[in-house]
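Peer 1: Supplied structure: start.cif, mmCIF, C-alpha atoms (C1' of nucleotides).
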```cif
data_structure
loop_
_atom_site.label_atom_id
_atom_site.label_comp_id
_atom_site.auth_asym_id
_atom_site.auth_seq_id
_atom_site.Cartn_x
_atom_site.Cartn_y
_atom_site.Cartn_z
CA MET J 1 -8.27 -30.79 24.18
CA THR J 2 -5.88 -32.36 26.62
CA GLU J 3 -4.85 -29.04 28.05
CA ARG J 4 -2.17 -30.71 30.14
CA ALA J 5 0.87 -29.27 28.40
CA GLY J 6 2.68 -26.42 30.14
CA ALA J 7 2.37 -22.90 28.84
CA GLY J 8 5.82 -23.11 27.28
CA THR J 9 5.34 -26.27 25.24
CA GLU J 10 2.16 -25.81 23.29
CA GLY J 11 2.36 -28.94 21.17
CA LEU J 12 4.34 -29.70 18.06
CA ARG J 13 2.07 -27.73 15.79
CA GLU J 14 2.44 -24.49 17.68
CA ARG J 15 6.19 -24.84 17.85
CA LYS J 16 6.54 -25.67 14.19
CA ARG J 17 4.37 -22.74 13.26
CA ALA J 18 6.28 -20.35 15.50
CA HIS J 19 9.57 -21.60 14.11
CA SER J 20 8.42 -21.26 10.53
CA ARG J 21 7.16 -17.77 11.19
CA ALA J 22 10.35 -16.68 12.92
CA THR J 23 12.62 -17.99 10.18
CA THR J 24 10.47 -16.30 7.56
CA VAL J 25 10.88 -12.99 9.36
CA ASP J 26 14.63 -13.49 9.68
CA VAL J 27 15.05 -14.43 6.05
CA ALA J 28 12.92 -11.51 4.93
CA MET J 29 14.79 -9.00 7.09
CA GLY J 30 18.05 -10.32 5.72
CA LEU J 31 16.91 -9.84 2.15
CA PHE J 32 15.50 -6.39 2.91
CA ALA J 33 18.76 -5.30 4.51
CA GLU J 34 20.66 -6.61 1.53
CA ARG J 35 18.65 -5.32 -1.41
CA GLY J 36 16.09 -2.95 0.05
CA TYR J 37 12.40 -3.50 0.71
CA ASP J 38 11.05 -2.73 -2.74
CA ALA J 39 13.60 -4.83 -4.58
CA VAL J 40 12.55 -7.96 -2.71
CA THR J 41 9.39 -9.72 -3.86
CA VAL J 42 7.28 -12.00 -1.75
CA ALA J 43 8.29 -14.76 -4.15
CA ASP J 44 11.92 -14.11 -3.26
CA ILE J 45 11.21 -14.41 0.44
CA CYS J 46 9.25 -17.60 -0.11
CA ALA J 47 12.04 -19.15 -2.14
CA ALA J 48 14.60 -18.28 0.52
CA ALA J 49 12.39 -19.37 3.41
CA GLU J 50 11.21 -22.49 1.55
CA ILE J 51 7.50 -21.89 1.87
CA ALA J 52 4.78 -21.42 -0.72
CA PRO J 53 3.57 -17.89 -1.47
CA ARG J 54 0.13 -19.00 -0.38
CA THR J 55 1.56 -19.95 2.98
CA PHE J 56 3.37 -16.66 3.34
CA PHE J 57 0.10 -14.77 3.21
CA ARG J 58 -1.33 -17.02 5.88
CA TYR J 59 1.39 -15.90 8.25
CA PHE J 60 1.40 -12.26 7.19
CA PRO J 61 -1.67 -10.59 5.74
CA THR J 62 0.61 -8.17 3.92
CA LYS J 63 4.19 -7.95 2.79
CA GLU J 64 4.54 -4.92 5.01
CA ASP J 65 3.64 -7.03 8.01
CA VAL J 66 6.86 -9.03 7.80
CA LEU J 67 8.81 -5.83 7.99
CA ALA J 68 6.58 -4.53 10.77
CA GLU J 69 7.21 -7.52 13.02
CA PRO J 70 9.74 -5.74 15.27
CA ALA J 71 7.39 -2.78 15.59
CA ARG J 72 4.61 -5.14 16.57
CA GLN J 73 6.87 -6.74 19.15
CA MET J 74 7.60 -3.32 20.58
CA ALA J 75 3.92 -2.53 20.83
CA ALA J 76 3.18 -5.86 22.49
CA ARG J 77 6.04 -5.36 24.91
CA LEU J 78 4.75 -1.94 25.84
CA THR J 79 1.24 -3.16 26.46
CA ALA J 80 2.52 -6.02 28.60
CA ALA J 81 4.80 -3.73 30.57
CA LEU J 82 1.93 -1.38 31.23
CA ALA J 83 -0.30 -4.19 32.43
CA ALA J 84 2.47 -5.40 34.73
CA ALA J 85 3.14 -2.01 36.32
CA PRO J 86 2.62 -1.77 40.11
CA GLU J 87 -0.89 -0.77 41.04
CA GLU J 88 0.14 2.04 43.33
CA LEU J 89 1.53 4.05 40.43
CA ASP J 90 -0.72 6.65 38.85
CA ASP J 91 -1.40 6.70 35.12
CA ALA J 92 1.53 8.87 34.13
CA GLY J 93 3.92 6.99 36.40
CA ALA J 94 2.87 3.59 35.11
CA LEU J 95 3.14 4.70 31.51
CA ARG J 96 6.57 6.20 32.09
CA ARG J 97 7.75 3.03 33.75
CA ALA J 98 6.46 0.93 30.84
CA LEU J 99 8.15 3.17 28.30
CA ARG J 100 11.40 2.92 30.23
CA GLU J 101 11.16 -0.85 30.08
CA LEU J 102 10.48 -0.69 26.37
CA GLY J 103 13.51 1.53 26.03
CA GLN J 104 15.68 -1.04 27.78
CA TYR J 105 14.35 -3.71 25.45
CA VAL J 106 15.17 -1.66 22.38
CA VAL J 107 18.64 -0.78 23.59
CA ALA J 108 19.39 -4.37 24.55
CA ASP J 109 18.42 -5.62 21.10
CA ARG J 110 20.31 -2.80 19.53
CA THR J 111 21.95 -4.44 16.53
CA ARG J 112 18.78 -6.17 15.37
CA MET J 113 16.77 -3.02 15.94
CA ALA J 114 19.32 -0.96 14.05
CA VAL J 115 18.80 -3.12 10.97
CA PHE J 116 15.06 -2.79 11.33
CA PHE J 117 15.13 0.96 11.73
CA ARG J 118 17.41 1.37 8.76
CA VAL J 119 15.34 -0.85 6.49
CA ALA J 120 11.99 0.50 7.66
CA GLY J 121 13.21 4.05 7.34
CA ALA J 122 14.29 3.57 3.75
CA ALA J 123 11.23 1.55 2.77
CA SER J 124 8.17 3.00 1.12
CA ALA J 125 6.07 0.92 3.51
CA VAL J 126 4.24 2.95 6.09
CA ARG J 127 2.71 0.42 8.42
CA ALA J 128 6.16 -0.74 9.39
CA ASN J 129 7.26 2.67 10.65
CA PRO J 130 7.77 2.16 14.37
CA PHE J 131 6.95 5.76 15.13
CA LEU J 132 3.63 5.63 13.39
CA HIS J 133 3.02 2.10 14.56
CA LEU J 134 3.29 3.20 18.15
CA SER J 135 1.02 6.15 17.53
CA GLY J 136 -1.50 3.79 16.05
CA ARG J 137 -1.62 1.97 19.35
CA GLU J 138 -2.58 5.00 21.34
CA ARG J 139 -6.19 4.04 21.71
CA GLN J 140 -5.36 0.52 22.78
CA LEU J 141 -2.82 1.80 25.25
CA THR J 142 -5.25 4.26 26.73
CA GLU J 143 -7.77 1.49 27.21
CA GLU J 144 -5.15 -0.59 28.97
CA LEU J 145 -4.51 2.33 31.29
CA LEU J 146 -8.19 2.62 32.11
CA ARG J 147 -8.51 -1.11 32.71
CA ARG J 148 -5.59 -0.95 35.08
CA ARG J 149 -7.40 1.51 37.27
CA ALA J 150 -10.74 -0.20 36.81
CA GLY J 151 -11.93 2.80 34.88
CA VAL J 152 -14.88 2.56 32.59
CA GLY J 153 -16.28 4.41 29.62
CA PRO J 154 -14.36 6.43 27.06
CA ALA J 155 -11.21 8.14 28.21
CA ASP J 156 -11.41 11.88 28.78
CA TRP J 157 -9.22 14.01 26.58
CA ARG J 158 -6.73 14.80 29.34
CA THR J 159 -5.88 11.14 29.71
CA ARG J 160 -5.62 10.66 25.97
CA LEU J 161 -3.40 13.71 25.72
CA MET J 162 -1.17 12.37 28.46
CA VAL J 163 -0.72 9.11 26.57
CA ALA J 164 -0.12 10.89 23.29
CA ARG J 165 2.52 13.08 24.88
CA ALA J 166 4.33 10.18 26.50
CA LEU J 167 4.46 8.35 23.18
CA ALA J 168 5.60 11.54 21.46
CA ALA J 169 8.48 11.76 23.91
CA PHE J 170 9.40 8.15 23.28
CA ARG J 171 9.39 8.70 19.54
CA VAL J 172 11.66 11.72 19.90
CA TRP J 173 14.02 9.56 21.91
CA LEU J 174 13.86 6.76 19.35
CA ASP J 175 14.77 9.30 16.70
CA ASP J 176 17.85 10.29 18.67
CA LEU J 177 18.72 6.65 19.27
CA VAL J 178 18.58 5.80 15.60
CA ALA J 179 20.71 8.80 14.80
CA GLY J 180 23.25 7.52 17.32
CA GLY J 181 25.42 9.99 19.16
CA GLU J 182 23.95 9.58 22.61
CA ALA J 183 26.49 8.09 24.97
CA ASP J 184 23.98 6.85 27.55
CA PRO J 185 20.67 6.24 25.77
CA LEU J 186 18.74 5.17 28.83
CA ALA J 187 19.74 8.24 30.78
CA HIS J 188 18.69 10.29 27.79
CA LEU J 189 15.34 8.52 27.76
CA ASP J 190 14.77 9.46 31.39
CA GLU J 191 15.64 13.01 30.53
CA VAL J 192 13.20 13.18 27.63
CA LEU J 193 10.40 11.51 29.54
CA ALA J 194 10.92 13.87 32.48
CA GLU J 195 10.74 17.03 30.35
CA ARG J 196 7.63 18.86 31.46
CA MET W 1 7.76 30.86 -21.92
CA THR W 2 5.61 33.96 -22.35
CA GLU W 3 5.42 34.49 -18.60
CA ARG W 4 2.88 37.25 -19.05
CA ALA W 5 -0.10 35.49 -17.51
CA GLY W 6 -0.97 36.30 -13.89
CA ALA W 7 -0.15 33.87 -11.14
CA GLY W 8 -3.74 32.64 -11.05
CA THR W 9 -4.05 31.75 -14.73
CA GLU W 10 -1.19 29.43 -15.49
CA GLY W 11 -2.15 28.53 -19.03
CA LEU W 12 -4.81 26.21 -20.33
CA ARG W 13 -2.82 23.08 -19.62
CA GLU W 14 -2.40 23.83 -15.95
CA ARG W 15 -6.05 24.68 -15.51
CA LYS W 16 -7.24 21.57 -17.32
CA ARG W 17 -4.95 19.44 -15.23
CA ALA W 18 -6.06 21.02 -11.97
CA HIS W 19 -9.69 20.59 -12.93
CA SER W 20 -9.23 16.98 -13.91
CA ARG W 21 -7.43 16.24 -10.68
CA ALA W 22 -10.05 17.94 -8.55
CA THR W 23 -12.97 16.15 -10.19
CA THR W 24 -11.16 12.85 -9.83
CA VAL W 25 -10.79 13.44 -6.11
CA ASP W 26 -14.43 14.43 -5.78
CA VAL W 27 -15.66 11.44 -7.73
CA ALA W 28 -13.43 9.09 -5.75
CA MET W 29 -14.53 10.47 -2.39
CA GLY W 30 -18.13 10.09 -3.45
CA LEU W 31 -17.64 6.45 -4.35
CA PHE W 32 -15.68 5.78 -1.17
CA ALA W 33 -18.41 7.33 0.95
CA GLU W 34 -20.99 5.29 -0.87
CA ARG W 35 -19.42 1.82 -0.99
CA GLY W 36 -16.36 2.00 1.22
CA TYR W 37 -12.71 2.31 0.23
CA ASP W 38 -11.96 -1.35 -0.39
CA ALA W 39 -15.07 -1.98 -2.46
CA VAL W 40 -14.08 0.70 -4.95
CA THR W 41 -11.44 -0.19 -7.54
CA VAL W 42 -9.28 2.27 -9.39
CA ALA W 43 -11.06 1.15 -12.54
CA ASP W 44 -14.36 2.23 -10.97
CA ILE W 45 -13.00 5.67 -10.19
CA CYS W 46 -11.60 6.00 -13.70
CA ALA W 47 -14.90 5.03 -15.27
CA ALA W 48 -16.78 7.58 -13.15
CA ALA W 49 -14.20 10.33 -13.66
CA GLU W 50 -13.81 9.50 -17.35
CA ILE W 51 -10.07 9.10 -17.37
CA ALA W 52 -7.86 6.15 -18.27
CA PRO W 53 -6.37 4.07 -15.45
CA ARG W 54 -2.95 4.97 -16.73
CA THR W 55 -3.80 8.62 -16.30
CA PHE W 56 -5.09 8.07 -12.79
CA PHE W 57 -1.70 6.82 -11.69
CA ARG W 58 -0.07 9.87 -13.15
CA TYR W 59 -2.13 12.08 -10.88
CA PHE W 60 -1.89 9.86 -7.84
CA PRO W 61 1.03 7.51 -7.32
CA THR W 62 -1.22 5.31 -5.23
CA LYS W 63 -4.90 4.64 -4.73
CA GLU W 64 -4.42 5.73 -1.13
CA ASP W 65 -3.26 9.12 -2.29
CA VAL W 66 -6.68 10.07 -3.64
CA LEU W 67 -8.13 9.38 -0.25
CA ALA W 68 -5.27 11.21 1.45
CA GLU W 69 -5.84 14.42 -0.48
CA PRO W 70 -7.66 16.22 2.38
CA ALA W 71 -4.95 15.15 4.79
CA ARG W 72 -2.34 16.54 2.44
CA GLN W 73 -4.25 19.78 2.22
CA MET W 74 -4.29 19.99 6.00
CA ALA W 75 -0.55 19.45 6.16
CA ALA W 76 0.06 22.07 3.49
CA ARG W 77 -2.22 24.51 5.27
CA LEU W 78 -0.37 23.98 8.51
CA THR W 79 3.02 24.56 6.95
CA ALA W 80 1.81 27.71 5.25
CA ALA W 81 0.22 29.02 8.44
CA LEU W 82 3.44 28.42 10.31
CA ALA W 83 5.48 30.25 7.70
CA ALA W 84 3.05 33.17 7.85
CA ALA W 85 3.08 33.52 11.63
CA PRO W 86 4.30 36.86 13.02
CA GLU W 87 8.02 36.94 13.63
CA GLU W 88 7.77 38.17 17.16
CA LEU W 89 6.17 34.96 18.35
CA ASP W 90 8.40 32.30 19.83
CA ASP W 91 8.40 28.73 18.51
CA ALA W 92 5.63 27.41 20.73
CA GLY W 93 3.47 30.46 20.17
CA ALA W 94 3.84 30.37 16.41
CA LEU W 95 3.06 26.68 16.27
CA ARG W 96 0.01 27.10 18.48
CA ARG W 97 -1.24 29.92 16.31
CA ALA W 98 -0.76 27.83 13.17
CA LEU W 99 -2.59 24.90 14.70
CA ARG W 100 -5.44 27.16 15.69
CA GLU W 101 -5.70 28.35 12.11
CA LEU W 102 -5.69 24.77 10.89
CA GLY W 103 -8.43 24.05 13.38
CA GLN W 104 -10.55 26.86 12.00
CA TYR W 105 -10.01 25.52 8.51
CA VAL W 106 -11.12 22.05 9.53
CA VAL W 107 -14.17 23.30 11.39
CA ALA W 108 -15.16 25.58 8.53
CA ASP W 109 -15.00 22.74 6.05
CA ARG W 110 -16.81 20.51 8.47
CA THR W 111 -19.15 18.54 6.24
CA ARG W 112 -16.48 17.69 3.69
CA MET W 113 -14.04 16.81 6.43
CA ALA W 114 -16.60 14.65 8.17
CA VAL W 115 -16.94 12.50 5.07
CA PHE W 116 -13.19 12.24 4.82
CA PHE W 117 -12.73 11.29 8.45
CA ARG W 118 -15.45 8.68 8.26
CA VAL W 119 -14.15 7.09 5.10
CA ALA W 120 -10.51 7.26 6.13
CA GLY W 121 -11.30 5.88 9.55
CA ALA W 122 -13.11 2.87 8.14
CA ALA W 123 -10.54 2.24 5.39
CA SER W 124 -7.69 -0.20 5.66
CA ALA W 125 -5.47 2.45 4.12
CA VAL W 126 -2.92 3.90 6.48
CA ARG W 127 -1.33 6.75 4.60
CA ALA W 128 -4.63 8.53 4.47
CA ASN W 129 -5.06 8.65 8.23
CA PRO W 130 -4.90 12.33 9.07
CA PHE W 131 -3.50 11.65 12.51
CA LEU W 132 -0.60 9.64 11.18
CA HIS W 133 -0.26 11.90 8.20
CA LEU W 134 0.29 14.87 10.45
CA SER W 135 2.77 12.95 12.57
CA GLY W 136 4.64 12.08 9.43
CA ARG W 137 5.15 15.77 8.82
CA GLU W 138 6.82 16.41 12.13
CA ARG W 139 10.28 16.64 10.70
CA GLN W 140 9.23 18.99 7.94
CA LEU W 141 7.36 21.16 10.42
CA THR W 142 10.31 21.34 12.74
CA GLU W 143 12.51 22.45 9.88
CA GLU W 144 10.02 25.15 9.02
CA LEU W 145 10.17 26.34 12.62
CA LEU W 146 13.94 26.52 12.49
CA ARG W 147 13.90 28.35 9.19
CA ARG W 148 11.48 30.87 10.66
CA ARG W 149 13.96 31.78 13.35
CA ALA W 150 16.92 31.54 11.03
CA GLY W 151 18.09 28.52 12.95
CA VAL W 152 20.55 26.12 11.43
CA GLY W 153 21.61 22.55 11.85
CA PRO W 154 19.50 19.70 13.21
CA ALA W 155 16.87 20.55 15.76
CA ASP W 156 17.65 19.74 19.37
CA TRP W 157 15.38 17.23 21.01
CA ARG W 158 13.55 19.79 23.10
CA THR W 159 12.33 21.57 20.01
CA ARG W 160 11.32 18.32 18.36
CA LEU W 161 9.51 17.27 21.49
CA MET W 162 7.66 20.57 21.58
CA VAL W 163 6.47 20.04 18.01
CA ALA W 164 5.52 16.44 18.66
CA ARG W 165 3.50 17.46 21.72
CA ALA W 166 1.67 20.22 19.90
CA LEU W 167 0.70 17.82 17.12
CA ALA W 168 -0.32 15.25 19.70
CA ALA W 169 -2.65 17.80 21.25
CA PHE W 170 -4.12 18.63 17.87
CA ARG W 171 -4.72 14.98 17.14
CA VAL W 172 -6.49 14.52 20.45
CA TRP W 173 -8.71 17.45 19.58
CA LEU W 174 -9.36 16.06 16.09
CA ASP W 175 -10.41 12.83 17.71
CA ASP W 176 -12.93 14.68 19.86
CA LEU W 177 -14.12 16.66 16.87
CA VAL W 178 -14.76 13.55 14.82
CA ALA W 179 -16.61 11.99 17.73
CA GLY W 180 -18.77 15.12 17.86
CA GLY W 181 -20.26 16.19 21.16
CA GLU W 182 -18.26 19.36 21.65
CA ALA W 183 -20.48 22.40 21.49
CA ASP W 184 -17.71 24.89 20.73
CA PRO W 185 -14.89 23.05 18.97
CA LEU W 186 -12.58 26.03 18.64
CA ALA W 187 -12.81 26.85 22.33
CA HIS W 188 -12.07 23.21 23.03
CA LEU W 189 -9.02 23.40 20.78
CA ASP W 190 -7.70 26.34 22.75
CA GLU W 191 -8.27 24.38 25.91
CA VAL W 192 -6.40 21.32 24.66
CA LEU W 193 -3.53 23.34 23.24
CA ALA W 194 -3.21 25.27 26.50
CA GLU W 195 -3.01 22.16 28.68
CA ARG W 196 0.48 22.10 30.14
"C1'" DA F 1 -0.08 31.82 -39.43
"C1'" DC F 2 2.58 27.82 -39.75
"C1'" DG F 3 5.66 24.28 -38.43
"C1'" DA F 4 8.22 22.25 -34.54
"C1'" DC F 5 8.25 21.02 -30.06
"C1'" DT F 6 6.46 19.83 -25.45
"C1'" DC F 7 3.48 17.60 -22.59
"C1'" DG F 8 -0.73 15.39 -21.10
"C1'" DT F 9 -3.26 11.32 -22.23
"C1'" DG F 10 -4.55 6.60 -23.56
"C1'" DG F 11 -3.71 1.76 -24.62
"C1'" DC F 12 -1.16 -2.47 -24.00
"C1'" DA F 13 1.54 -5.80 -21.90
"C1'" DG F 14 3.64 -7.29 -17.84
"C1'" DT F 15 4.94 -7.63 -12.71
"C1'" DT F 16 3.58 -7.85 -7.96
"C1'" DT F 17 0.51 -8.18 -4.19
"C1'" DG F 18 -3.25 -10.45 -2.24
"C1'" DT F 19 -7.50 -13.96 -2.14
"C1'" DG F 20 -10.81 -17.96 -2.77
"C1'" DC F 21 -11.01 -22.66 -3.48
"C1'" DC F 22 -9.74 -27.36 -3.24
"C1'" DA F 23 -6.71 -31.29 -2.58
"C1'" DC F 24 -2.99 -33.23 0.24
"C1'" DT F 25 -0.26 -33.96 4.26
"C1'" DT F 26 0.67 -33.63 9.13
"C1'" DT F 27 -0.78 -33.47 13.93
"C1'" DG F 28 -3.69 -34.44 17.88
"C1'" DT F 29 -7.72 -37.27 19.84
"C1'" DC F 30 -10.31 -41.34 20.92
"C1'" DG Y 1 -5.61 -47.50 13.61
"C1'" DA Y 2 -9.71 -44.36 12.51
"C1'" DC Y 3 -11.20 -39.77 12.60
"C1'" DA Y 4 -11.25 -34.81 13.14
"C1'" DA Y 5 -8.59 -30.57 13.03
"C1'" DA Y 6 -5.20 -27.72 11.29
"C1'" DG Y 7 -1.28 -26.43 8.27
"C1'" DT Y 8 0.37 -26.47 3.57
"C1'" DG Y 9 0.64 -26.07 -1.43
"C1'" DG Y 10 -1.08 -25.28 -6.11
"C1'" DC Y 11 -4.14 -23.06 -9.23
"C1'" DA Y 12 -6.77 -19.46 -11.02
"C1'" DC Y 13 -7.88 -14.88 -10.57
"C1'" DA Y 14 -8.69 -9.84 -9.05
"C1'" DA Y 15 -6.59 -5.58 -8.27
"C1'" DA Y 16 -2.72 -2.38 -7.81
"C1'" DC Y 17 0.88 -0.54 -10.10
"C1'" DT Y 18 4.83 0.31 -14.13
"C1'" DG Y 19 7.39 0.79 -18.68
"C1'" DC Y 20 6.80 1.67 -23.33
"C1'" DC Y 21 5.05 3.74 -27.35
"C1'" DA Y 22 1.81 6.40 -30.14
"C1'" DC Y 23 -1.46 10.06 -30.71
"C1'" DG Y 24 -3.24 14.55 -30.20
"C1'" DA Y 25 -3.89 18.91 -27.95
"C1'" DG Y 26 -1.37 23.12 -26.07
"C1'" DT Y 27 2.70 26.14 -26.77
"C1'" DC Y 28 6.55 28.49 -28.74
"C1'" DG Y 29 9.70 30.48 -32.36
"C1'" DT Y 30 9.81 32.75 -36.59
#
```
Would you give me this structure, written as structure tokens?

Peer 2:
Amino acid sequence: MTERAGAGTEGLRERKRAHSRATTVDVAMGLFAERGYDAVTVADICAAAEIAPRTFFRYFPTKEDVLAEPARQMAARLTAALAAAPEELDDAGALRRALRELGQYVVADRTRMAVFFRVAGAASAVRANPFLHLSGRERQLTEELLRRRAGVGPADWRTRLMVARALAAFRVWLDDLVAGGEADPLAHLDEVLAER
Amino acid sequence: MTERAGAGTEGLRERKRAHSRATTVDVAMGLFAERGYDAVTVADICAAAEIAPRTFFRYFPTKEDVLAEPARQMAARLTAALAAAPEELDDAGALRRALRELGQYVVADRTRMAVFFRVAGAASAVRANPFLHLSGRERQLTEELLRRRAGVGPADWRTRLMVARALAAFRVWLDDLVAGGEADPLAHLDEVLAER
DNA sequence: ACGACTCGTGGCAGTTTGTGCCACTTTGTC
DNA sequence: GACAAAGTGGCACAAACTGCCACGAGTCGT
């Protein structure tokens, strides 16, 4: 290991792999948007992305996982935002701040997200559902909260409930966002998050 | 149609079908508990339940659906309880009451539920997860709430948030219940549901 | 009671998803 | 340039589903 390369340039291999993965996701999303999730086979994606089926399953353990990529990015973003929140904030404040940042991210990437939401909503796939996906991260998120405050042991139920409620609020907002109609989404997000 | 039979006895066909379905679920749960979800094939279940694979998929669209049966029962129970709630209760009160009844149901059927939770928790299957399963019913539940109060049109976000929060609380409680440790689960449920 | 009709069931062939194994090529290291 | 490490592709194969057709057990009309 030379270890001298900067964090951004991780060697040719890494870049190639990342590029191949990204294009596969793009191609797949395009096909899904065009024909619908079920009508697109993995073989189709592979043909369009010019990779072997065997390779596809090395990138994504499941067909659903290609579709779930945006949801996974959201989850990662949320975790990162939470870890980066100022220390002086309490749990609820930090979580709210992180969710607001996630909201900005979603709104900024609106067109791409719109495609994802539409496709994922119509698909029979469950893992890809951003709402459920986020809920599935509750435990991980709670642990991140505890780590932030140097807490140890299992989280008490009040903390877990707080996290669950915050995510519930975010999901309600996401629902409204997907439905459209809100003139100022971010203001609406603040409103929903502030509801006691 | 003779239509003379009581509501309970719906003809031999219905009864046979219900019996076959029930035994299939039982057999499947037994195998899952014994070897784990992934290590049991549909063919195994069919052999043990003495039905043809083709028949299996007529009862359950997916292998996951056999495992999800208890979760589906919970969802159905919740919907029914909500519909049966006294009219004079407001939305939040009715929902809380329904959740309390669901809680009693879960606690009463403890041993069976314990098996389900253990198997479902360890399984790679997602649909079967009771937590997610319940979240997936949010929309349906909200509609039931509106119907109860003769409301029309799409639910406003405050109502949806209220439902989402109540379910979040129930899930937190379920989590505690599965973990064990609570001496009086139903009292704990009241406590969690009452948390503002 | 008897025939017609419906519906649940089983078998078969075929598609699709996902995996283990091995050979081949590309990349990074010395 | 030699060597190790990692990505890639092809093959065979298991397991999850699906469409089709045939058979037989319930059910209904007369």

Peer 1: Kindly assemble as JSON lines a list of the chain W residues that lie within 8 Å of chain F, each paired with its nearest atom pair and their distance in Å to one decimal, using only C-alpha atoms (C1' of nucleotides), sorted first by chain and then by ascending residue number.

Peer 2:
```
{"residue": "W:Ala52", "atom": "CA", "partner": "F:DG10", "partner_atom": "C1'", "distance": 6.3}
{"residue": "W:Arg54", "atom": "CA", "partner": "F:DG10", "partner_atom": "C1'", "distance": 7.2}
{"residue": "W:Thr55", "atom": "CA", "partner": "F:DT9", "partner_atom": "C1'", "distance": 6.5}
```

Peer 1: Identify all chain W residues at most 10 Å from chain Y by counting only C-alpha atoms (C1' of nucleotides); ligands do not count. Present them as a ChimeraX atom specification.

Peer 2: /W:1-2,11-13,41-43,54,57,61-63

Peer 1: If chain W is superposed onto chain J by least squares using every Cα atom in order, what is the RMSD, in Å to one decimal?

Peer 2: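 Result of the CA superposition: 0.2 Å.
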
Peer 1: Please determine the contact residues of chain W with respect to chain J at a cut-off of 12 Å, counting all atoms listed in the file, and supply them as a CSV table (one decimal) with C-alpha atoms, in the frame of the given file.

Peer 2:
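File produced: part-v3.csv:
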```csv
chain,number,residue,atom,x,y,z
W,61,PRO,CA,1.0,7.5,-7.3
W,62,THR,CA,-1.2,5.3,-5.2
W,64,GLU,CA,-4.4,5.7,-1.1
W,121,GLY,CA,-11.3,5.9,9.6
W,124,SER,CA,-7.7,-0.2,5.7
W,125,ALA,CA,-5.5,2.4,4.1
W,126,VAL,CA,-2.9,3.9,6.5
W,127,ARG,CA,-1.3,6.8,4.6
W,128,ALA,CA,-4.6,8.5,4.5
W,129,ASN,CA,-5.1,8.6,8.2
W,130,PRO,CA,-4.9,12.3,9.1
W,131,PHE,CA,-3.5,11.6,12.5
W,132,LEU,CA,-0.6,9.6,11.2
W,133,HIS,CA,-0.3,11.9,8.2
W,134,LEU,CA,0.3,14.9,10.4
W,135,SER,CA,2.8,13.0,12.6
W,136,GLY,CA,4.6,12.1,9.4
W,137,ARG,CA,5.2,15.8,8.8
W,138,GLU,CA,6.8,16.4,12.1
W,139,ARG,CA,10.3,16.6,10.7
W,154,PRO,CA,19.5,19.7,13.2
W,155,ALA,CA,16.9,20.6,15.8
W,156,ASP,CA,17.6,19.7,19.4
W,157,TRP,CA,15.4,17.2,21.0
W,158,ARG,CA,13.6,19.8,23.1
W,159,THR,CA,12.3,21.6,20.0
W,160,ARG,CA,11.3,18.3,18.4
W,161,LEU,CA,9.5,17.3,21.5
W,162,MET,CA,7.7,20.6,21.6
W,163,VAL,CA,6.5,20.0,18.0
W,164,ALA,CA,5.5,16.4,18.7
W,165,ARG,CA,3.5,17.5,21.7
W,166,ALA,CA,1.7,20.2,19.9
W,167,LEU,CA,0.7,17.8,17.1
W,168,ALA,CA,-0.3,15.2,19.7
W,169,ALA,CA,-2.6,17.8,21.2
W,170,PHE,CA,-4.1,18.6,17.9
W,171,ARG,CA,-4.7,15.0,17.1
W,172,VAL,CA,-6.5,14.5,20.4
W,173,TRP,CA,-8.7,17.4,19.6
W,174,LEU,CA,-9.4,16.1,16.1
W,175,ASP,CA,-10.4,12.8,17.7
W,176,ASP,CA,-12.9,14.7,19.9
W,177,LEU,CA,-14.1,16.7,16.9
W,179,ALA,CA,-16.6,12.0,17.7
W,182,GLU,CA,-18.3,19.4,21.6
W,188,HIS,CA,-12.1,23.2,23.0
W,189,LEU,CA,-9.0,23.4,20.8
W,191,GLU,CA,-8.3,24.4,25.9
W,192,VAL,CA,-6.4,21.3,24.7
W,193,LEU,CA,-3.5,23.3,23.2
W,194,ALA,CA,-3.2,25.3,26.5
W,195,GLU,CA,-3.0,22.2,28.7
W,196,ARG,CA,0.5,22.1,30.1
```

Peer 1: Please compute the atom CA of W:Asp38-atom CA of W:Leu102 distance, one decimal, in Å.

Peer 2: 29.1 Å

Peer 1: Quick one: pull the distance between atom CA of W:Ala98 and atom CA of W:Thr142, Å, one decimal.

Peer 2: 12.8 Å

Peer 1: Quick one: residues within 12 Å of J:Glu101, only C-alpha atoms (C1' of nucleotides), excluding same-chain residues fewer than 6 positions away - as a JSON list (two decimals) with C-alpha atoms, in the frame of the given file?

Peer 2:
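Saved as out.json:
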```
[["chain", "number", "residue", "atom", "x", "y", "z"],
["J", 74, "MET", "CA", 7.60, -3.32, 20.58],
["J", 75, "ALA", "CA", 3.92, -2.53, 20.83],
["J", 77, "ARG", "CA", 6.04, -5.36, 24.91],
["J", 78, "LEU", "CA", 4.75, -1.94, 25.84],
["J", 79, "THR", "CA", 1.24, -3.16, 26.46],
["J", 80, "ALA", "CA", 2.52, -6.02, 28.60],
["J", 81, "ALA", "CA", 4.80, -3.73, 30.57],
["J", 82, "LEU", "CA", 1.93, -1.38, 31.23],
["J", 84, "ALA", "CA", 2.47, -5.40, 34.73],
["J", 85, "ALA", "CA", 3.14, -2.01, 36.32],
["J", 94, "ALA", "CA", 2.87, 3.59, 35.11],
["J", 95, "LEU", "CA", 3.14, 4.70, 31.51],
["J", 107, "VAL", "CA", 18.64, -0.78, 23.59],
["J", 108, "ALA", "CA", 19.39, -4.37, 24.55],
["J", 170, "PHE", "CA", 9.40, 8.15, 23.28],
["J", 186, "LEU", "CA", 18.74, 5.17, 28.83],
["J", 189, "LEU", "CA", 15.34, 8.52, 27.76],
["J", 190, "ASP", "CA", 14.77, 9.46, 31.39]]
```
